[in-house]
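Coordinates from start.txt are shown below (compact mmCIF, C-alpha atoms and all ligand atoms).
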```txt
# COMPACT_ATOMS: atom_id res chain seq x y z
CA MET A 1 -124.09 146.47 -173.43
CA GLN A 2 -123.08 149.71 -171.77
CA ILE A 3 -119.37 150.42 -171.44
CA LEU A 4 -118.45 152.27 -168.26
CA ASP A 5 -115.01 153.82 -167.89
CA THR A 6 -115.48 155.85 -164.73
CA ILE A 7 -116.59 155.37 -161.14
CA PRO A 8 -119.44 157.95 -161.28
CA GLU A 9 -120.92 156.19 -164.34
CA LEU A 10 -120.89 152.85 -162.52
CA LYS A 11 -122.39 154.23 -159.31
CA LYS A 12 -125.10 156.09 -161.21
CA LEU A 13 -126.12 153.07 -163.27
CA SER A 14 -126.30 150.79 -160.25
CA GLN A 15 -128.32 153.38 -158.30
CA THR A 16 -130.74 153.79 -161.23
CA TRP A 17 -131.28 150.04 -161.46
CA HIS A 18 -131.82 149.71 -157.71
CA ARG A 19 -134.28 152.61 -157.78
CA GLU A 20 -136.22 150.72 -160.47
CA GLY A 21 -136.38 147.74 -158.12
CA LEU A 22 -134.01 145.65 -160.20
CA ARG A 23 -131.64 143.05 -158.77
CA VAL A 24 -127.99 143.54 -159.77
CA ALA A 25 -125.21 140.94 -160.12
CA LEU A 26 -121.49 141.65 -160.37
CA VAL A 27 -118.85 139.41 -161.95
CA PRO A 28 -115.32 140.71 -161.23
CA THR A 29 -112.70 139.63 -163.80
CA MET A 30 -109.33 140.54 -165.23
CA GLY A 31 -110.58 140.11 -168.82
CA PHE A 32 -109.26 137.99 -171.71
CA PHE A 33 -112.55 136.14 -171.50
CA HIS A 34 -112.83 132.38 -171.93
CA SER A 35 -115.73 129.98 -171.39
CA GLY A 36 -115.11 130.01 -167.63
CA HIS A 37 -115.75 133.74 -167.44
CA LEU A 38 -118.74 133.46 -169.80
CA SER A 39 -120.23 130.71 -167.67
CA LEU A 40 -120.01 132.98 -164.61
CA MET A 41 -121.72 135.78 -166.58
CA ARG A 42 -124.54 133.50 -167.77
CA HIS A 43 -125.00 132.17 -164.26
CA ALA A 44 -125.11 135.74 -162.94
CA SER A 45 -127.94 136.55 -165.35
CA THR A 46 -130.02 133.75 -163.80
CA LEU A 47 -129.54 135.36 -160.37
CA ALA A 48 -130.33 139.00 -161.16
CA ASP A 49 -132.11 141.32 -163.59
CA LYS A 50 -128.92 143.15 -164.55
CA VAL A 51 -125.34 141.88 -164.84
CA ILE A 52 -122.30 144.11 -164.43
CA VAL A 53 -118.92 142.65 -165.36
CA SER A 54 -115.77 144.41 -164.27
CA ARG A 55 -112.62 143.98 -166.32
CA PHE A 56 -109.58 145.23 -164.49
CA VAL A 57 -106.06 143.80 -164.42
CA ASN A 58 -105.52 144.81 -160.83
CA PRO A 59 -101.87 145.84 -160.37
CA THR A 60 -101.91 145.54 -156.59
CA GLN A 61 -102.45 141.78 -156.66
CA PHE A 62 -99.30 141.15 -158.72
CA GLY A 63 -95.93 140.75 -157.01
CA PRO A 64 -92.88 142.64 -158.34
CA ASN A 65 -91.64 139.64 -160.38
CA GLU A 66 -95.04 138.52 -161.62
CA ASP A 67 -96.74 138.84 -165.01
CA LEU A 68 -98.60 142.17 -164.71
CA ALA A 69 -97.02 143.62 -167.88
CA SER A 70 -97.52 140.47 -169.97
CA TYR A 71 -100.96 139.47 -168.64
CA PRO A 72 -103.02 138.64 -171.77
CA ARG A 73 -105.50 141.26 -172.92
CA ASN A 74 -107.98 141.47 -175.81
CA GLU A 75 -110.35 144.34 -175.27
CA GLU A 76 -112.32 144.14 -178.53
CA GLN A 77 -112.93 140.41 -178.22
CA ASP A 78 -113.97 140.79 -174.57
CA ILE A 79 -116.64 143.30 -175.57
CA VAL A 80 -118.01 140.94 -178.25
CA LEU A 81 -118.05 137.93 -175.90
CA ALA A 82 -119.60 139.77 -172.96
CA THR A 83 -122.29 141.23 -175.23
CA GLU A 84 -123.08 137.74 -176.55
CA ALA A 85 -123.27 136.44 -172.97
CA GLY A 86 -126.02 138.99 -172.24
CA VAL A 87 -123.99 141.25 -169.95
CA ASP A 88 -125.68 144.62 -169.36
CA ALA A 89 -122.66 146.72 -168.41
CA LEU A 90 -118.88 146.33 -168.62
CA PHE A 91 -116.92 148.42 -166.12
CA GLN A 92 -113.36 148.81 -167.38
CA PRO A 93 -111.43 151.29 -165.26
CA THR A 94 -107.74 152.07 -165.66
CA PRO A 95 -105.44 151.69 -162.61
CA ASP A 96 -105.38 155.46 -161.99
CA ILE A 97 -109.16 155.42 -161.67
CA MET A 98 -109.12 152.65 -159.08
CA TYR A 99 -106.04 153.86 -157.15
CA ARG A 100 -105.05 157.41 -156.33
CA PRO A 101 -101.28 157.98 -156.29
CA ASP A 102 -101.32 158.02 -152.48
CA HIS A 103 -103.69 155.08 -152.02
CA ALA A 104 -103.05 153.77 -148.52
CA THR A 105 -106.01 151.62 -147.45
CA TRP A 106 -105.76 147.84 -147.66
CA VAL A 107 -108.05 144.98 -146.80
CA ASP A 108 -106.20 141.99 -145.45
CA VAL A 109 -107.97 138.80 -144.48
CA ALA A 110 -105.00 137.73 -142.37
CA GLU A 111 -104.47 134.01 -141.65
CA LEU A 112 -106.22 132.79 -144.80
CA SER A 113 -104.19 135.06 -147.09
CA GLY A 114 -100.83 133.55 -146.14
CA LEU A 115 -101.82 129.95 -146.92
CA LEU A 116 -101.61 128.05 -150.24
CA CYS A 117 -101.07 130.66 -153.02
CA GLY A 118 -100.33 133.27 -150.35
CA ALA A 119 -97.16 131.46 -149.31
CA THR A 120 -95.43 132.39 -152.57
CA ARG A 121 -97.62 135.41 -153.41
CA PRO A 122 -97.54 137.35 -150.13
CA ILE A 123 -99.38 140.51 -151.29
CA HIS A 124 -101.74 138.82 -153.72
CA PHE A 125 -104.88 138.45 -151.61
CA ARG A 126 -104.47 141.86 -150.01
CA GLY A 127 -104.68 143.31 -153.54
CA VAL A 128 -107.61 141.05 -154.44
CA CYS A 129 -109.60 141.90 -151.30
CA THR A 130 -108.97 145.61 -151.63
CA VAL A 131 -110.12 145.77 -155.23
CA VAL A 132 -113.08 143.42 -154.68
CA LEU A 133 -114.26 145.47 -151.70
CA LYS A 134 -114.04 148.63 -153.83
CA LEU A 135 -115.96 146.97 -156.67
CA LEU A 136 -118.64 145.71 -154.27
CA HIS A 137 -118.95 149.19 -152.84
CA LEU A 138 -119.11 150.90 -156.24
CA ALA A 139 -121.44 148.48 -158.03
CA ALA A 140 -123.48 147.70 -154.89
CA PRO A 141 -124.62 144.35 -156.28
CA ASP A 142 -127.14 142.07 -154.59
CA VAL A 143 -125.03 139.10 -155.63
CA ALA A 144 -121.44 138.67 -156.85
CA VAL A 145 -120.24 135.56 -158.68
CA PHE A 146 -116.76 134.05 -158.32
CA GLY A 147 -115.27 130.87 -159.79
CA GLU A 148 -114.42 127.86 -157.65
CA LYS A 149 -111.25 127.55 -159.72
CA ASP A 150 -109.80 130.18 -157.39
CA TRP A 151 -111.07 128.36 -154.31
CA GLN A 152 -108.84 130.25 -151.89
CA GLN A 153 -109.96 133.59 -153.36
CA LEU A 154 -113.63 132.59 -153.03
CA THR A 155 -113.09 131.45 -149.43
CA ILE A 156 -111.26 134.66 -148.51
CA ILE A 157 -113.92 136.87 -150.12
CA ARG A 158 -116.71 135.03 -148.28
CA HIS A 159 -114.75 135.62 -145.06
CA MET A 160 -114.26 139.32 -145.83
CA VAL A 161 -117.96 139.78 -146.64
CA ARG A 162 -118.90 138.03 -143.41
CA ASP A 163 -116.39 139.94 -141.25
CA LEU A 164 -117.40 143.33 -142.67
CA ASP A 165 -121.15 142.53 -142.68
CA LEU A 166 -121.42 143.45 -146.36
CA ASP A 167 -124.92 143.21 -147.81
CA VAL A 168 -124.06 141.00 -150.76
CA CYS A 169 -124.54 137.34 -151.49
CA ILE A 170 -121.36 135.60 -152.70
CA GLU A 171 -122.07 132.85 -155.20
CA GLY A 172 -119.46 130.25 -156.19
CA HIS A 173 -119.51 128.72 -159.66
CA PRO A 174 -117.98 125.33 -160.64
CA ILE A 175 -114.73 125.08 -162.60
CA VAL A 176 -115.12 125.10 -166.37
CA ARG A 177 -112.64 122.80 -168.13
CA GLU A 178 -111.34 122.05 -171.60
CA ALA A 179 -112.51 118.69 -172.99
CA ASP A 180 -109.19 117.15 -171.86
CA GLY A 181 -109.71 118.32 -168.27
CA LEU A 182 -107.45 121.38 -168.13
CA ALA A 183 -109.13 124.13 -166.10
CA LEU A 184 -109.69 127.16 -168.34
CA SER A 185 -107.48 130.09 -167.43
CA SER A 186 -106.34 133.26 -169.19
CA ARG A 187 -102.80 132.19 -168.29
CA ASN A 188 -103.13 128.98 -170.36
CA ALA A 189 -102.18 131.30 -173.25
CA TYR A 190 -98.60 131.23 -171.92
CA LEU A 191 -98.23 127.46 -172.52
CA THR A 192 -96.07 126.15 -175.36
CA ALA A 193 -97.48 123.24 -177.39
CA GLU A 194 -95.45 120.76 -175.36
CA GLU A 195 -96.54 122.26 -172.04
CA ARG A 196 -100.16 122.42 -173.19
CA ALA A 197 -100.01 118.71 -174.04
CA GLN A 198 -98.88 117.89 -170.48
CA ALA A 199 -101.16 120.35 -168.65
CA PRO A 200 -104.25 118.03 -168.50
CA GLY A 201 -102.06 115.69 -166.42
CA ILE A 202 -102.80 117.94 -163.45
CA ARG A 203 -106.49 117.04 -163.60
CA GLU A 204 -105.63 113.39 -164.33
CA ALA A 205 -103.46 113.21 -161.22
CA ILE A 206 -106.22 114.80 -159.12
CA ILE A 207 -108.77 112.28 -160.44
CA LYS A 208 -106.41 109.48 -159.37
CA MET A 209 -106.44 111.01 -155.91
CA VAL A 210 -110.26 111.01 -155.88
CA GLU A 211 -110.13 107.30 -156.77
CA ARG A 212 -107.73 106.60 -153.89
CA VAL A 213 -110.06 108.37 -151.49
CA ARG A 214 -113.03 106.47 -152.96
CA ASN A 215 -111.08 103.26 -152.28
CA GLY A 216 -110.70 104.21 -148.63
CA GLU A 217 -107.32 105.97 -148.33
CA ARG A 218 -107.60 108.73 -145.70
CA ASN A 219 -103.96 109.40 -144.82
CA ALA A 220 -102.98 112.81 -146.21
CA GLU A 221 -99.27 112.06 -146.46
CA ALA A 222 -99.88 108.88 -148.46
CA LEU A 223 -102.33 110.69 -150.76
CA LEU A 224 -99.95 113.62 -151.32
CA ASP A 225 -96.98 111.31 -152.00
CA ALA A 226 -99.02 109.49 -154.63
CA LEU A 227 -100.14 112.81 -156.15
CA ARG A 228 -96.54 114.03 -156.32
CA ASN A 229 -95.50 110.82 -158.10
CA ASP A 230 -98.43 110.97 -160.52
CA LEU A 231 -97.65 114.59 -161.36
CA ALA A 232 -93.96 113.85 -161.92
CA ARG A 233 -94.99 111.13 -164.40
CA LEU A 234 -97.89 112.93 -166.11
CA VAL A 235 -96.54 116.50 -166.09
CA PRO A 236 -92.75 116.02 -166.21
CA LEU A 237 -92.16 119.67 -167.22
CA GLY A 238 -94.21 120.90 -164.25
CA GLN A 239 -92.81 122.10 -160.95
CA PRO A 240 -95.29 121.88 -158.10
CA ASP A 241 -95.50 125.09 -156.08
CA TYR A 242 -97.79 123.43 -153.53
CA LEU A 243 -99.88 120.27 -153.28
CA SER A 244 -102.18 120.51 -150.27
CA LEU A 245 -105.02 118.69 -148.61
CA VAL A 246 -107.05 121.21 -146.67
CA HIS A 247 -110.36 121.82 -145.02
CA PRO A 248 -112.44 123.61 -147.69
CA ASP A 249 -113.62 126.40 -145.36
CA THR A 250 -110.63 127.04 -143.10
CA LEU A 251 -107.96 126.08 -145.68
CA GLN A 252 -106.06 124.46 -142.80
CA PRO A 253 -103.96 121.43 -143.78
CA LEU A 254 -105.35 118.01 -142.92
CA SER A 255 -103.29 115.05 -141.79
CA HIS A 256 -106.24 112.68 -141.90
CA LEU A 257 -109.33 113.07 -144.11
CA GLU A 258 -112.62 112.82 -142.24
CA ASN A 259 -115.72 114.77 -143.30
CA ASP A 260 -114.67 117.67 -145.51
CA ALA A 261 -111.55 117.78 -147.62
CA LEU A 262 -110.25 119.59 -150.67
CA VAL A 263 -107.09 119.07 -152.68
CA ALA A 264 -105.55 122.29 -153.99
CA VAL A 265 -102.54 122.43 -156.28
CA ALA A 266 -100.39 125.02 -158.00
CA VAL A 267 -97.95 123.85 -160.64
CA LYS A 268 -95.46 125.99 -162.52
CA LEU A 269 -95.42 124.92 -166.15
CA GLY A 270 -93.12 127.08 -168.25
CA LYS A 271 -94.24 130.69 -167.90
CA ALA A 272 -97.64 129.70 -166.50
CA ARG A 273 -98.51 128.94 -162.91
CA LEU A 274 -101.56 126.70 -163.10
CA ILE A 275 -103.93 126.16 -160.18
CA ASP A 276 -106.62 123.55 -159.76
CA ASN A 277 -108.61 122.00 -156.94
CA GLN A 278 -111.15 119.31 -156.24
CA ARG A 279 -113.46 118.53 -153.37
CA LEU A 280 -112.53 115.05 -152.07
CA LEU A 281 -114.97 114.68 -149.19
CA PRO A 282 -117.90 114.42 -149.32
CA LEU A 283 -116.94 112.19 -152.28
CA PRO A 284 -117.68 114.02 -155.54
CA GLN A 285 -119.59 112.76 -158.58
CA LEU A 286 -117.11 113.21 -161.42
CA SER A 287 -118.51 113.58 -164.92
P1 LIG B 301 -109.83 136.12 -163.65
O1 LIG B 301 -110.19 136.95 -164.83
O2 LIG B 301 -108.87 135.03 -163.96
O3 LIG B 301 -109.46 136.95 -162.44
O4 LIG B 301 -111.16 135.37 -163.24
C1 LIG B 301 -112.36 136.06 -163.01
C2 LIG B 301 -113.35 135.12 -162.37
O5 LIG B 301 -113.54 134.00 -163.22
C3 LIG B 301 -112.86 134.56 -161.03
O6 LIG B 301 -113.95 134.49 -160.12
C4 LIG B 301 -112.35 133.19 -161.40
O7 LIG B 301 -112.41 132.26 -160.32
C5 LIG B 301 -113.33 132.81 -162.48
N1 LIG B 301 -112.76 131.77 -163.35
C6 LIG B 301 -111.57 131.81 -164.00
N2 LIG B 301 -111.37 130.65 -164.65
C7 LIG B 301 -112.45 129.87 -164.41
C8 LIG B 301 -112.83 128.55 -164.79
N3 LIG B 301 -112.06 127.79 -165.57
N4 LIG B 301 -114.00 128.07 -164.34
C9 LIG B 301 -114.80 128.82 -163.53
N5 LIG B 301 -114.50 130.07 -163.14
C10 LIG B 301 -113.34 130.58 -163.57
```

I need this file expressed as structure tokens, please.
Ligand code: AMP
Amino acid sequence: MQILDTIPELKKLSQTWHREGLRVALVPTMGFFHSGHLSLMRHASTLADKVIVSRFVNPTQFGPNEDLASYPRNEEQDIVLATEAGVDALFQPTPDIMYRPDHATWVDVAELSGLLCGATRPIHFRGVCTVVLKLLHLAAPDVAVFGEKDWQQLTIIRHMVRDLDLDVCIEGHPIVREADGLALSSRNAYLTAEERAQAPGIREAIIKMVERVRNGERNAEALLDALRNDLARLVPLGQPDYLSLVHPDTLQPLSHLENDALVAVAVKLGKARLIDNQRLLPLPQLS
């Protein structure tokens, strides 16, 4: 696996591969790899001849009181894991490489960026879109892979790519979970033993919601009340940031479920803010 620390190295490698007629995939990440990341990387290698992974803890997507300084990092282990996953190149810039001191250009997918996570993280998606657009420009991939765990992020990036007519295919990848149902996340490292024991309750409560929908409940308020009660019982240490029933593409809240619906939740549990989501309609097959 090639390690790339600078923008010219990345551009040159991508140009060389394209000149050779090879198809290139990009997997943007913030590192501290877990099986979710590795699954994205393996999926990317089925879509392209060469896989580039970027590892960059992007400062502009963190608010002033968020966890930028404490965000978990393990550079040596990331290199081992990405190599094992068959990644061809790891791009690992430092913030000063990605942002000049007088950086002034921002990409803002308005409307969508203020909903759900954006309500409490007002600059988050502006930072995400700006860095993802730069990475797409620099790596010039044919396809870029993003996890459905960050459903809002995936939706916003699809919107940005469509609005700006970017020549890249955006591929979503299903959520990878621990055996007990907890969605894998680098931030799970923040959980204490007691919090970790309660965390799978988020998935459990969502599965109960799927069952209610399967049994015919379509009223959003009734479904959200039941979810709130289930979470209070199953994750008593958790504090919901939002619990929302939305249209999966527009992210607009639903009052009544009809054809397409997604439940999205964010729960503060100790130092971690955990997010999860589940398609409710069309009714999912749960394993
Ligand atoms: P992050 O390093 O947390 O920014 O995540 C990098 C990419 O991995 C994003 O596209 C995430 O949506 C994706 N990802 C993170 N956790 C998971 C997971 N448990 N399952 C699937 N994809 C994930």

Hey, which bits of region 34-126 of chain A sit within 12 Å of region 231-245 of chain A, and for each residue what's the closest pair of atoms and how far apart in Å (one decimal), counting only C-alpha atoms, rows by chain and increasing number, as CSV?
```
residue,atom,partner,partner_atom,distance
A:Leu115,CA,A:Ser244,CA,10.0
A:Leu116,CA,A:Tyr242,CA,6.8
A:Cys117,CA,A:Tyr242,CA,8.0
A:Gly118,CA,A:Tyr242,CA,10.6
A:Ala119,CA,A:Tyr242,CA,9.1
A:Thr120,CA,A:Asp241,CA,8.1
A:Arg121,CA,A:Asp241,CA,10.9
```

Exercise for review: Within 8 Å of (-115.1, 127.9, -170.0) (coordinates as in the file), grab all the protein and nucleic acid residues, counting all atoms listed in the file, and write them out as an NGL selection string.
Suggested key: :A and (34-39 or 175-178 or 184)

**Study point:** Protein and nucleic residues near ligand LIG 301 (chain B), 10 Å, only C-alpha atoms and all ligand atoms, as JSON, numbers by chain
**Key:** {"A": [27, 28, 29, 30, 31, 32, 33, 34, 35, 36, 37, 38, 39, 40, 41, 53, 54, 55, 56, 57, 58, 128, 144, 145, 146, 147, 148, 149, 150, 151, 152, 153, 154, 171, 172, 173, 174, 175, 176, 177, 178, 182, 183, 184, 185, 186, 187, 275, 276]}

Sel. within 12 Å of pt (-101.9, 109.3, -150.3), counting all atoms listed in the file, output as a CSV table (one decimal) with C-alpha atoms, in the coordinates of the input:
```
chain,number,residue,atom,x,y,z
A,205,ALA,CA,-103.5,113.2,-161.2
A,206,ILE,CA,-106.2,114.8,-159.1
A,208,LYS,CA,-106.4,109.5,-159.4
A,209,MET,CA,-106.4,111.0,-155.9
A,210,VAL,CA,-110.3,111.0,-155.9
A,211,GLU,CA,-110.1,107.3,-156.8
A,212,ARG,CA,-107.7,106.6,-153.9
A,213,VAL,CA,-110.1,108.4,-151.5
A,214,ARG,CA,-113.0,106.5,-153.0
A,215,ASN,CA,-111.1,103.3,-152.3
A,216,GLY,CA,-110.7,104.2,-148.6
A,217,GLU,CA,-107.3,106.0,-148.3
A,218,ARG,CA,-107.6,108.7,-145.7
A,219,ASN,CA,-104.0,109.4,-144.8
A,220,ALA,CA,-103.0,112.8,-146.2
A,221,GLU,CA,-99.3,112.1,-146.5
A,222,ALA,CA,-99.9,108.9,-148.5
A,223,LEU,CA,-102.3,110.7,-150.8
A,224,LEU,CA,-100.0,113.6,-151.3
A,225,ASP,CA,-97.0,111.3,-152.0
A,226,ALA,CA,-99.0,109.5,-154.6
A,227,LEU,CA,-100.1,112.8,-156.2
A,228,ARG,CA,-96.5,114.0,-156.3
A,229,ASN,CA,-95.5,110.8,-158.1
A,230,ASP,CA,-98.4,111.0,-160.5
A,243,LEU,CA,-99.9,120.3,-153.3
A,244,SER,CA,-102.2,120.5,-150.3
A,245,LEU,CA,-105.0,118.7,-148.6
A,254,LEU,CA,-105.4,118.0,-142.9
A,255,SER,CA,-103.3,115.0,-141.8
A,256,HIS,CA,-106.2,112.7,-141.9
A,257,LEU,CA,-109.3,113.1,-144.1
A,263,VAL,CA,-107.1,119.1,-152.7
```

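Taking CA of Asp167 (chain A) and CA of Ala140 (chain A) as the two end points, the separation is 8.5 Å.
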
Check your understanding: Given the choices A:Ile97, A:Leu13, A:Leu286, A:Ile170, which gets closest to Leu136 (chain A) if the distance is worked out from only C-alpha atoms?
Key ->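 The answer is A:Ile170, which sits nearest to Leu136 (chain A).
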
Revision key, fill the gap. note - CA of Leu112 (chain A) and CA of Phe125 (chain A) are separated by 9.0 Å

Exercise for review: With a distance cut-off of 6 Å and only C-alpha atoms, select the neighbouring residues of Val51 (chain A), excluding the residue or stretch itself and same-chain residues fewer than 3 positions from it, and output the selection as a PyMOL selection string.
Suggested key: chain A and resi 24-26+45+87-88

What box, with edges along x, y and z, holds each listed atom of region 242-249 of chain A when 5 Å is added on every side, and can you state its centre and edge lengths in Å to one decimal, as AutoDock Vina command-line options?
```
--center_x -105.7 --center_y 122.5 --center_z -149.3 --size_x 25.8 --size_y 17.7 --size_z 18.5
```

Practice item. Identify which of the residues A:Ile52, A:Ile7, A:Met160, A:Leu251 lies closest to Ala89 (chain A), counting only C-alpha atoms when measuring atom-to-atom distances. Key: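 Among the listed residues, the smallest separation from Ala89 (chain A) belongs to A:Ile52.
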
Revision key, fill the gap. A straight line from CA of Val107 (chain A) to CA of Thr130 (chain A) spans 5.0 Å

Exercise for review: Kindly indicate which residue among A:Lys271, A:Met1, A:Ile79, A:Cys169 lies nearest to Arg196 (chain A), using all atoms listed in the file for the distances.
Suggested key: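 Of the candidates, the smallest distance to Arg196 (chain A) is held by A:Lys271.
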
Review point. Out of A:Arg273, A:Tyr99, A:Leu280, A:Cys129, which residue has the shortest atom-to-atom distance to Pro248 (chain A) when counting all atoms listed in the file?
Key: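 That would be A:Leu280, the residue with the smallest distance to Pro248 (chain A).
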
Please supply region 79-87 of chain A, rebuilt with all heavy atoms, as a PDB file, keeping the file's coordinate frame.
```
ATOM      1  N   ILE A  79    -115.372 142.576-175.427  1.00  0.00           N
ATOM      2  CA  ILE A  79    -116.640 143.300-175.570  1.00  0.00           C
ATOM      3  C   ILE A  79    -117.634 142.445-176.374  1.00  0.00           C
ATOM      4  O   ILE A  79    -118.806 142.306-176.002  1.00  0.00           O
ATOM      5  CB  ILE A  79    -116.405 144.679-176.222  1.00  0.00           C
ATOM      6  CG1 ILE A  79    -115.682 145.568-175.198  1.00  0.00           C
ATOM      7  CG2 ILE A  79    -117.720 145.328-176.665  1.00  0.00           C
ATOM      8  CD1 ILE A  79    -115.256 146.923-175.708  1.00  0.00           C
ATOM      9  N   VAL A  80    -117.140 141.808-177.437  1.00  0.00           N
ATOM     10  CA  VAL A  80    -118.010 140.940-178.250  1.00  0.00           C
ATOM     11  C   VAL A  80    -118.545 139.788-177.398  1.00  0.00           C
ATOM     12  O   VAL A  80    -119.751 139.509-177.367  1.00  0.00           O
ATOM     13  CB  VAL A  80    -117.234 140.402-179.481  1.00  0.00           C
ATOM     14  CG1 VAL A  80    -118.055 139.359-180.226  1.00  0.00           C
ATOM     15  CG2 VAL A  80    -116.840 141.545-180.403  1.00  0.00           C
ATOM     16  N   LEU A  81    -117.643 139.124-176.673  1.00  0.00           N
ATOM     17  CA  LEU A  81    -118.050 137.930-175.900  1.00  0.00           C
ATOM     18  C   LEU A  81    -119.009 138.287-174.773  1.00  0.00           C
ATOM     19  O   LEU A  81    -119.990 137.580-174.537  1.00  0.00           O
ATOM     20  CB  LEU A  81    -116.812 137.222-175.344  1.00  0.00           C
ATOM     21  CG  LEU A  81    -115.894 136.575-176.397  1.00  0.00           C
ATOM     22  CD1 LEU A  81    -114.640 136.012-175.735  1.00  0.00           C
ATOM     23  CD2 LEU A  81    -116.630 135.469-177.145  1.00  0.00           C
ATOM     24  N   ALA A  82    -118.723 139.385-174.070  1.00  0.00           N
ATOM     25  CA  ALA A  82    -119.600 139.770-172.960  1.00  0.00           C
ATOM     26  C   ALA A  82    -120.977 140.177-173.484  1.00  0.00           C
ATOM     27  O   ALA A  82    -122.006 139.856-172.876  1.00  0.00           O
ATOM     28  CB  ALA A  82    -118.974 140.916-172.158  1.00  0.00           C
ATOM     29  N   THR A  83    -121.002 140.856-174.630  1.00  0.00           N
ATOM     30  CA  THR A  83    -122.290 141.230-175.230  1.00  0.00           C
ATOM     31  C   THR A  83    -123.085 139.971-175.558  1.00  0.00           C
ATOM     32  O   THR A  83    -124.273 139.863-175.237  1.00  0.00           O
ATOM     33  CB  THR A  83    -122.063 142.065-176.521  1.00  0.00           C
ATOM     34  OG1 THR A  83    -121.210 143.160-176.194  1.00  0.00           O
ATOM     35  CG2 THR A  83    -123.365 142.588-177.086  1.00  0.00           C
ATOM     36  N   GLU A  84    -122.399 139.002-176.193  1.00  0.00           N
ATOM     37  CA  GLU A  84    -123.080 137.740-176.550  1.00  0.00           C
ATOM     38  C   GLU A  84    -123.600 137.007-175.322  1.00  0.00           C
ATOM     39  O   GLU A  84    -124.604 136.315-175.379  1.00  0.00           O
ATOM     40  CB  GLU A  84    -122.123 136.827-177.329  1.00  0.00           C
ATOM     41  CG  GLU A  84    -121.946 137.252-178.773  1.00  0.00           C
ATOM     42  CD  GLU A  84    -120.851 136.456-179.482  1.00  0.00           C
ATOM     43  OE1 GLU A  84    -120.319 135.484-178.872  1.00  0.00           O
ATOM     44  OE2 GLU A  84    -120.530 136.808-180.618  1.00  0.00           O
ATOM     45  N   ALA A  85    -122.863 137.148-174.195  1.00  0.00           N
ATOM     46  CA  ALA A  85    -123.270 136.440-172.970  1.00  0.00           C
ATOM     47  C   ALA A  85    -124.415 137.176-172.257  1.00  0.00           C
ATOM     48  O   ALA A  85    -124.869 136.728-171.205  1.00  0.00           O
ATOM     49  CB  ALA A  85    -122.076 136.293-172.033  1.00  0.00           C
ATOM     50  N   GLY A  86    -124.864 138.298-172.812  1.00  0.00           N
ATOM     51  CA  GLY A  86    -126.020 138.990-172.240  1.00  0.00           C
ATOM     52  C   GLY A  86    -125.680 139.934-171.104  1.00  0.00           C
ATOM     53  O   GLY A  86    -126.564 140.307-170.324  1.00  0.00           O
ATOM     54  N   VAL A  87    -124.406 140.330-171.009  1.00  0.00           N
ATOM     55  CA  VAL A  87    -123.990 141.250-169.950  1.00  0.00           C
ATOM     56  C   VAL A  87    -124.596 142.638-170.230  1.00  0.00           C
ATOM     57  O   VAL A  87    -124.643 143.078-171.378  1.00  0.00           O
ATOM     58  CB  VAL A  87    -122.444 141.312-169.888  1.00  0.00           C
ATOM     59  CG1 VAL A  87    -121.962 142.426-168.982  1.00  0.00           C
ATOM     60  CG2 VAL A  87    -121.900 139.959-169.459  1.00  0.00           C
TER      61      VAL A  87
END
```
